[in-house]
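To be precise, the following lines are my_file_9.txt, and they hold compact mmCIF, C-alpha atoms.
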# COMPACT_ATOMS: atom_id res chain seq x y z
CA GLY A 1 -113.89 -155.53 88.25
CA VAL A 2 -115.23 -158.67 89.86
CA ALA A 3 -114.14 -161.10 92.60
CA ALA A 4 -115.34 -164.52 93.72
CA LEU A 5 -114.83 -166.16 97.11
CA PHE A 6 -115.24 -169.94 97.18
CA ALA A 7 -116.45 -172.13 100.04
CA ASN A 8 -112.91 -173.45 100.61
CA GLY A 9 -111.53 -169.91 101.08
CA TRP A 10 -109.87 -169.58 97.65
CA TRP A 11 -110.61 -166.33 95.86
CA MET A 12 -109.97 -164.71 92.51
CA THR A 13 -110.28 -161.22 91.07
CA VAL A 14 -110.43 -159.73 87.59
CA ARG A 15 -109.92 -155.99 87.06
CA ASP A 16 -109.31 -153.71 84.11
CA ALA A 17 -109.48 -150.02 83.13
CA VAL A 18 -112.19 -150.30 80.49
CA LYS A 19 -115.92 -149.71 80.19
CA ALA A 20 -118.18 -152.44 81.55
CA GLU A 21 -119.18 -153.78 78.14
CA GLN A 22 -115.53 -153.96 77.05
CA PHE A 23 -114.69 -155.77 80.29
CA ILE A 24 -117.40 -158.37 79.66
CA TRP A 25 -116.38 -158.95 76.04
CA GLY A 26 -112.67 -159.08 76.74
CA THR A 27 -111.32 -155.85 75.21
CA ARG A 28 -108.09 -154.89 76.97
CA ALA A 29 -107.25 -151.37 78.15
CA SER A 30 -103.70 -151.92 76.90
CA GLU A 31 -101.36 -154.83 76.48
CA ASP A 32 -99.26 -154.08 79.56
CA LYS A 33 -102.16 -153.81 82.05
CA THR A 34 -103.04 -156.94 83.99
CA ARG A 35 -106.22 -158.57 85.04
CA GLU A 36 -105.55 -160.55 88.17
CA ILE A 37 -106.67 -163.96 89.27
CA ASN A 38 -104.42 -164.65 92.22
CA GLN A 39 -101.61 -163.02 90.23
CA GLN A 40 -102.43 -164.85 86.97
CA GLU A 41 -103.53 -162.94 83.87
CA VAL A 42 -106.98 -163.96 82.66
CA THR A 43 -110.01 -162.61 80.86
CA TYR A 44 -113.53 -162.28 82.22
CA GLY A 45 -114.40 -165.35 80.14
CA ASN A 46 -111.76 -167.39 81.97
CA PHE A 47 -113.12 -166.09 85.25
CA LEU A 48 -116.62 -167.29 84.38
CA GLN A 49 -115.34 -170.68 83.29
CA LEU A 50 -113.52 -171.22 86.58
CA LEU A 51 -116.57 -169.97 88.45
CA LEU A 52 -118.96 -172.37 86.72
CA GLU A 53 -116.59 -175.33 86.93
CA GLY A 54 -115.83 -174.70 90.61
CA HIS A 55 -112.13 -175.05 89.89
CA THR A 56 -109.76 -173.61 92.50
CA ASN A 57 -106.11 -174.08 93.43
CA HIS A 58 -107.33 -175.87 96.55
CA GLY A 59 -109.49 -178.37 94.70
CA PRO A 60 -113.15 -178.34 93.58
CA SER A 61 -115.39 -175.90 95.42
CA SER A 62 -118.50 -173.79 94.93
CA PRO A 63 -118.55 -169.96 94.92
CA ASN A 64 -120.16 -168.46 98.02
CA ILE A 65 -119.82 -164.73 97.31
CA ILE A 66 -119.32 -162.69 94.15
CA LEU A 67 -118.46 -158.98 94.38
CA GLY A 68 -118.66 -156.70 91.34
CA HIS A 69 -117.99 -153.00 90.93
CA CYS A 70 -118.05 -150.44 88.12
CA ARG A 71 -115.80 -147.62 89.31
CA LYS A 72 -116.23 -143.92 88.71
CA LYS A 73 -112.71 -142.57 89.17
CA THR A 74 -112.26 -140.11 92.03
CA GLN A 75 -108.76 -140.64 93.37
CA GLY A 76 -105.92 -142.62 91.80
CA SER A 77 -105.29 -143.57 88.18
CA GLU A 78 -107.53 -146.27 86.74
CA TYR A 79 -104.48 -147.65 84.92
CA ASN A 80 -103.02 -148.76 88.25
CA MET A 81 -105.01 -151.93 88.92
CA LEU A 82 -104.49 -151.48 92.66
CA ASN A 83 -106.87 -148.51 92.48
CA ASN A 84 -109.62 -150.51 90.79
CA HIS A 85 -112.29 -152.48 92.57
CA PRO A 86 -112.60 -154.95 94.10
CA ILE A 87 -109.87 -153.66 96.39
CA THR A 88 -107.76 -156.58 97.58
CA ILE A 89 -105.23 -157.01 100.37
CA PRO A 90 -103.72 -160.38 99.47
CA ASP A 91 -101.70 -160.83 102.69
CA SER A 92 -104.92 -160.68 104.72
CA ASP A 93 -107.33 -162.24 102.18
CA VAL A 94 -109.44 -159.06 102.35
CA ILE A 95 -111.66 -158.09 99.41
CA CYS A 96 -113.72 -154.89 99.44
CA ILE A 97 -115.97 -152.87 97.14
CA HIS A 98 -116.98 -149.31 98.03
CA ASN A 99 -119.36 -146.83 96.47
CA GLY A 100 -118.65 -143.41 97.94
CA SER A 101 -115.72 -141.34 99.12
CA VAL A 102 -113.41 -141.20 102.15
CA LYS A 103 -112.09 -137.77 103.08
CA ASN A 104 -109.62 -138.85 105.78
CA ASP A 105 -108.02 -141.80 104.02
CA THR A 106 -104.48 -140.40 104.37
CA LYS A 107 -105.00 -139.87 108.10
CA ILE A 108 -106.39 -143.40 108.50
CA MET A 109 -103.40 -144.97 106.76
CA SER A 110 -101.02 -142.88 108.85
CA LYS A 111 -102.69 -143.89 112.12
CA LEU A 112 -102.63 -147.54 111.11
CA GLY A 113 -98.96 -147.23 110.20
CA ILE A 114 -99.51 -148.92 106.85
CA LYS A 115 -98.03 -148.11 103.48
CA ARG A 116 -100.91 -148.05 101.04
CA LEU A 117 -100.91 -150.35 98.03
CA GLY A 118 -102.51 -147.86 95.63
CA GLU A 119 -103.81 -144.29 95.77
CA VAL A 120 -107.58 -144.85 95.92
CA ASP A 121 -109.39 -143.66 99.04
CA SER A 122 -111.43 -146.88 99.27
CA GLU A 123 -108.33 -148.75 100.44
CA ALA A 124 -108.78 -147.04 103.81
CA ILE A 125 -112.04 -148.92 104.41
CA ALA A 126 -110.41 -152.21 103.42
CA ARG A 127 -107.56 -151.46 105.83
CA LEU A 128 -109.94 -150.64 108.69
CA PHE A 129 -111.63 -153.98 108.05
CA GLU A 130 -108.23 -155.67 108.06
CA LYS A 131 -107.46 -154.05 111.43
CA GLU A 132 -110.68 -155.41 112.95
CA ILE A 133 -109.79 -158.88 111.64
CA ASN A 134 -106.36 -158.67 113.23
CA ASP A 135 -107.71 -157.28 116.52
CA THR A 136 -110.32 -160.03 116.87
CA GLY A 137 -108.51 -162.96 115.32
CA GLY A 138 -111.15 -162.96 112.60
CA ASN A 139 -114.11 -163.17 115.00
CA ILE A 140 -115.71 -159.94 113.86
CA ALA A 141 -118.94 -158.80 115.56
CA LEU A 142 -121.28 -155.92 114.76
CA ASP A 143 -119.40 -153.65 117.18
CA ASN A 144 -116.28 -154.13 115.06
CA MET A 145 -118.17 -153.15 111.91
CA HIS A 146 -119.49 -150.05 113.70
CA ASN A 147 -115.87 -149.19 114.56
CA ILE A 148 -115.16 -148.96 110.83
CA GLY A 149 -118.08 -146.56 110.37
CA TYR A 150 -116.89 -144.37 113.23
CA ARG A 151 -113.35 -144.03 111.87
CA TYR A 152 -113.86 -142.88 108.31
CA ASP A 153 -115.11 -139.45 107.32
CA GLY A 154 -117.20 -139.69 104.19
CA VAL A 155 -120.03 -141.62 102.57
CA ALA A 156 -120.16 -145.30 101.77
CA ALA A 157 -122.04 -148.31 100.62
CA ALA A 158 -119.34 -150.90 101.17
CA LEU A 159 -119.21 -154.69 101.19
CA MET A 160 -116.23 -156.76 102.23
CA VAL A 161 -115.17 -160.34 102.86
CA ASN A 162 -112.48 -162.15 104.79
CA GLY A 163 -111.23 -165.06 102.69
CA LYS A 164 -110.56 -167.05 105.85
CA VAL A 165 -114.28 -166.86 106.73
CA PRO A 166 -116.02 -167.58 103.39
CA THR A 167 -119.49 -167.94 104.94
CA LYS A 168 -119.87 -164.29 105.98
CA LEU A 169 -120.43 -161.03 104.12
CA TYR A 170 -119.73 -157.76 105.93
CA GLY A 171 -120.98 -154.28 105.13
CA VAL A 172 -121.45 -150.66 106.15
CA ARG A 173 -123.78 -148.03 104.76
CA GLU A 174 -123.59 -144.27 105.24
CA THR A 175 -125.71 -142.06 102.93
CA ARG A 176 -124.99 -143.99 99.72
CA PRO A 177 -127.86 -146.28 98.63
CA MET A 178 -127.81 -150.02 99.26
CA VAL A 179 -130.72 -152.33 98.37
CA LEU A 180 -131.22 -155.99 99.22
CA TYR A 181 -132.75 -158.33 96.64
CA TYR A 182 -133.60 -161.88 97.70
CA GLU A 183 -134.51 -164.26 94.87
CA LYS A 184 -136.73 -166.98 96.35
CA ASN A 185 -136.61 -169.67 93.65
CA LEU A 186 -132.83 -169.76 93.34
CA GLY A 187 -132.04 -168.76 96.92
CA LEU A 188 -129.75 -165.92 95.82
CA ILE A 189 -129.01 -162.74 97.77
CA PHE A 190 -127.97 -159.53 95.99
CA TYR A 191 -126.85 -156.24 97.50
CA VAL A 192 -126.77 -153.39 94.97
CA SER A 193 -126.28 -149.63 94.95
CA GLU A 194 -128.28 -148.87 91.80
CA SER A 195 -131.61 -150.69 91.49
CA LYS A 196 -132.15 -149.66 87.87
CA PHE A 197 -129.09 -151.61 86.74
CA MET A 198 -130.08 -154.62 88.83
CA GLU A 199 -133.55 -154.72 87.33
CA LYS A 200 -132.19 -154.41 83.79
CA ALA A 201 -129.68 -157.20 84.39
CA MET A 202 -132.25 -159.49 85.97
CA GLY A 203 -134.58 -158.96 83.02
CA ALA A 204 -131.88 -160.30 80.71
CA PHE A 205 -130.99 -163.08 83.18
CA HIS A 206 -134.63 -164.17 83.29
CA HIS A 207 -134.73 -164.64 79.52
CA VAL A 208 -131.52 -166.69 79.63
CA LEU A 209 -132.89 -168.93 82.38
CA LEU A 210 -136.10 -169.57 80.47
CA SER A 211 -134.17 -170.47 77.33
CA LEU A 212 -132.09 -172.99 79.30
CA ILE A 213 -134.82 -174.24 81.64
CA PRO A 214 -138.26 -173.78 80.02
CA GLU A 215 -140.01 -175.07 83.15
CA PHE A 216 -138.32 -172.51 85.40
CA PRO A 217 -141.11 -170.70 87.32
CA GLY A 218 -139.52 -167.28 86.92
CA LEU A 219 -137.60 -164.92 89.16
CA GLU A 220 -139.36 -163.84 92.36
CA PHE A 221 -137.73 -161.11 94.40
CA GLU A 222 -138.24 -159.70 97.84
CA VAL A 223 -136.74 -156.20 97.86
CA GLU A 224 -135.79 -154.06 100.86
CA GLU A 225 -133.64 -150.97 101.23
CA VAL A 226 -130.82 -151.37 103.74
CA PRO A 227 -131.27 -148.73 106.48
CA ASP A 228 -128.91 -145.78 106.44
CA ARG A 229 -126.06 -145.55 108.97
CA VAL A 230 -125.96 -149.28 109.49
CA ALA A 231 -123.34 -151.99 109.88
CA MET A 232 -124.14 -155.59 108.99
CA ILE A 233 -122.88 -159.15 108.99
CA VAL A 234 -124.66 -161.64 106.73
CA ASP A 235 -124.36 -165.36 107.51
CA LEU A 236 -124.58 -167.39 104.32

Could you spell out this file's structure in structure tokens?
Amino acid sequence: GVAALFANGWWMTVRDAVKAEQFIWGTRASEDKTREINQQEVTYGNFLQLLLEGHTNHGPSSPNIILGHCRKKTQGSEYNMLNNHPITIPDSDVICIHNGSVKNDTKIMSKLGIKRLGEVDSEAIARLFEKEINDTGGNIALDNMHNIGYRYDGVAAALMVNGKVPTKLYGVRETRPMVLYYEKNLGLIFYVSESKFMEKAMGAFHHVLLSLIPEFPGLEFEVEEVPDRVAMIVDL
């Protein structure tokens, strides 16, 4: 699945229970399963078109953050889109992706007094983030992100956004890998869990850029592993 958050706070998601290559090329899992773009059924191609055109329900805007995730099922059926990433909590404009597992997700949801949307354990991290938003009025600091890390039992490389604050990216890392790539010529920031997939994708992206812009100087990356047991807030 993939989600985009625009500078004006509008966001969209596309999810499906298919392999990554089928997702990209538009093959459906089944006719009655939905991809979501603010509750509208679309394909990944439609998503890209809206992304490139900067078209949102709130008028023209540019995308600030894009979150993508290829899920390995652990808990909850992949045919329930609420279990697939990016995890979304529409009422709070929360979007979250999580690589890892949460052992105490049922306990977390019980303590928060919230009825879960799906069955996937990752929703617990999204809900903890939602709680910190509600407790602070959206003014989340690093201490609030550390609170999330203290409350779940498990491992995680997780990124999340608050649609009401489209200039900030939030994250926590515990055991699972997370690597920062900064591309200097385009000014793009990437956070990834698996470097080998990033490097393969950027190799293909480089060839596309050169075919479109022959004078493009090439991709230049600064790469740094995010420290373990860390919470972060990235100002964009």

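As for atom CA of Asp16 of chain A and atom CA of Tyr79 of chain A, they are spaced 7.8 Å apart.
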
| Could you name the residues that touch segment 109-112 of chain A at 10 Å or less, counting only C-alpha atoms, but leaving out those on the same chain fewer than 6 positions away, as a count of residues only? | 7

| request: List the neighbours of Asn147 of chain A out to 10 Å using only C-alpha atoms; skip same-chain residues closer than 2 positions along the sequence, and give me the result as a list of chain:residue names. | output: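 The filter keeps A:Leu128, A:Phe129, A:Glu132, A:Leu142, A:Asp143, A:Asn144, A:Met145, A:Gly149, A:Tyr150, A:Arg151, A:Tyr152, A:Ala231.
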
| By how many Å are atom CA of Gly1 of chain A and atom CA of Ala156 of chain A apart? |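 That distance, rounded to one decimal, is 18.1 Å.
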
| Closest to Ile108 of chain A among A:Ala126, A:Ile87, A:Val234, A:Leu210, using all atoms listed in the file? | A:Ala126

Would you mind completing segment 153-171 of chain A so that it carries N, CA and C atoms, and writing it out as a compact mmCIF listing (two decimals), in the coordinates of the input?
# COMPACT_ATOMS: atom_id res chain seq x y z
N ASP A 153 -114.33 -140.66 107.55
CA ASP A 153 -115.11 -139.45 107.32
C ASP A 153 -115.49 -139.43 105.84
N GLY A 154 -116.77 -139.66 105.58
CA GLY A 154 -117.20 -139.69 104.19
C GLY A 154 -118.53 -140.40 104.05
N VAL A 155 -118.79 -140.90 102.85
CA VAL A 155 -120.03 -141.62 102.57
C VAL A 155 -119.65 -142.97 101.98
N ALA A 156 -120.53 -143.96 102.22
CA ALA A 156 -120.16 -145.30 101.77
C ALA A 156 -121.35 -146.22 101.67
N ALA A 157 -121.31 -147.05 100.65
CA ALA A 157 -122.04 -148.31 100.62
C ALA A 157 -120.96 -149.32 100.31
N ALA A 158 -120.51 -150.04 101.32
CA ALA A 158 -119.34 -150.90 101.17
C ALA A 158 -119.65 -152.32 101.61
N LEU A 159 -119.12 -153.28 100.85
CA LEU A 159 -119.21 -154.69 101.19
C LEU A 159 -117.81 -155.26 101.20
N MET A 160 -117.56 -156.19 102.11
CA MET A 160 -116.23 -156.76 102.23
C MET A 160 -116.29 -158.20 102.71
N VAL A 161 -115.25 -158.95 102.41
CA VAL A 161 -115.17 -160.34 102.86
C VAL A 161 -113.78 -160.62 103.39
N ASN A 162 -113.73 -161.60 104.27
CA ASN A 162 -112.48 -162.15 104.79
C ASN A 162 -112.36 -163.55 104.21
N GLY A 163 -111.36 -163.78 103.35
CA GLY A 163 -111.23 -165.06 102.69
C GLY A 163 -111.10 -166.23 103.64
N LYS A 164 -110.69 -165.97 104.86
CA LYS A 164 -110.56 -167.05 105.85
C LYS A 164 -111.90 -167.41 106.48
N VAL A 165 -112.93 -166.58 106.22
CA VAL A 165 -114.28 -166.86 106.73
C VAL A 165 -115.25 -166.73 105.54
N PRO A 166 -115.27 -167.72 104.65
CA PRO A 166 -116.02 -167.58 103.39
C PRO A 166 -117.53 -167.70 103.52
N THR A 167 -118.04 -167.83 104.73
CA THR A 167 -119.49 -167.94 104.94
C THR A 167 -120.11 -166.64 105.44
N LYS A 168 -119.34 -165.55 105.46
CA LYS A 168 -119.87 -164.29 105.98
C LYS A 168 -119.57 -163.14 105.02
N LEU A 169 -120.56 -162.26 104.89
CA LEU A 169 -120.43 -161.03 104.12
C LEU A 169 -120.61 -159.86 105.09
N TYR A 170 -119.72 -158.88 105.01
CA TYR A 170 -119.73 -157.76 105.93
C TYR A 170 -120.02 -156.47 105.16
N GLY A 171 -120.67 -155.52 105.82
CA GLY A 171 -120.98 -154.28 105.13
C GLY A 171 -121.22 -153.10 106.04
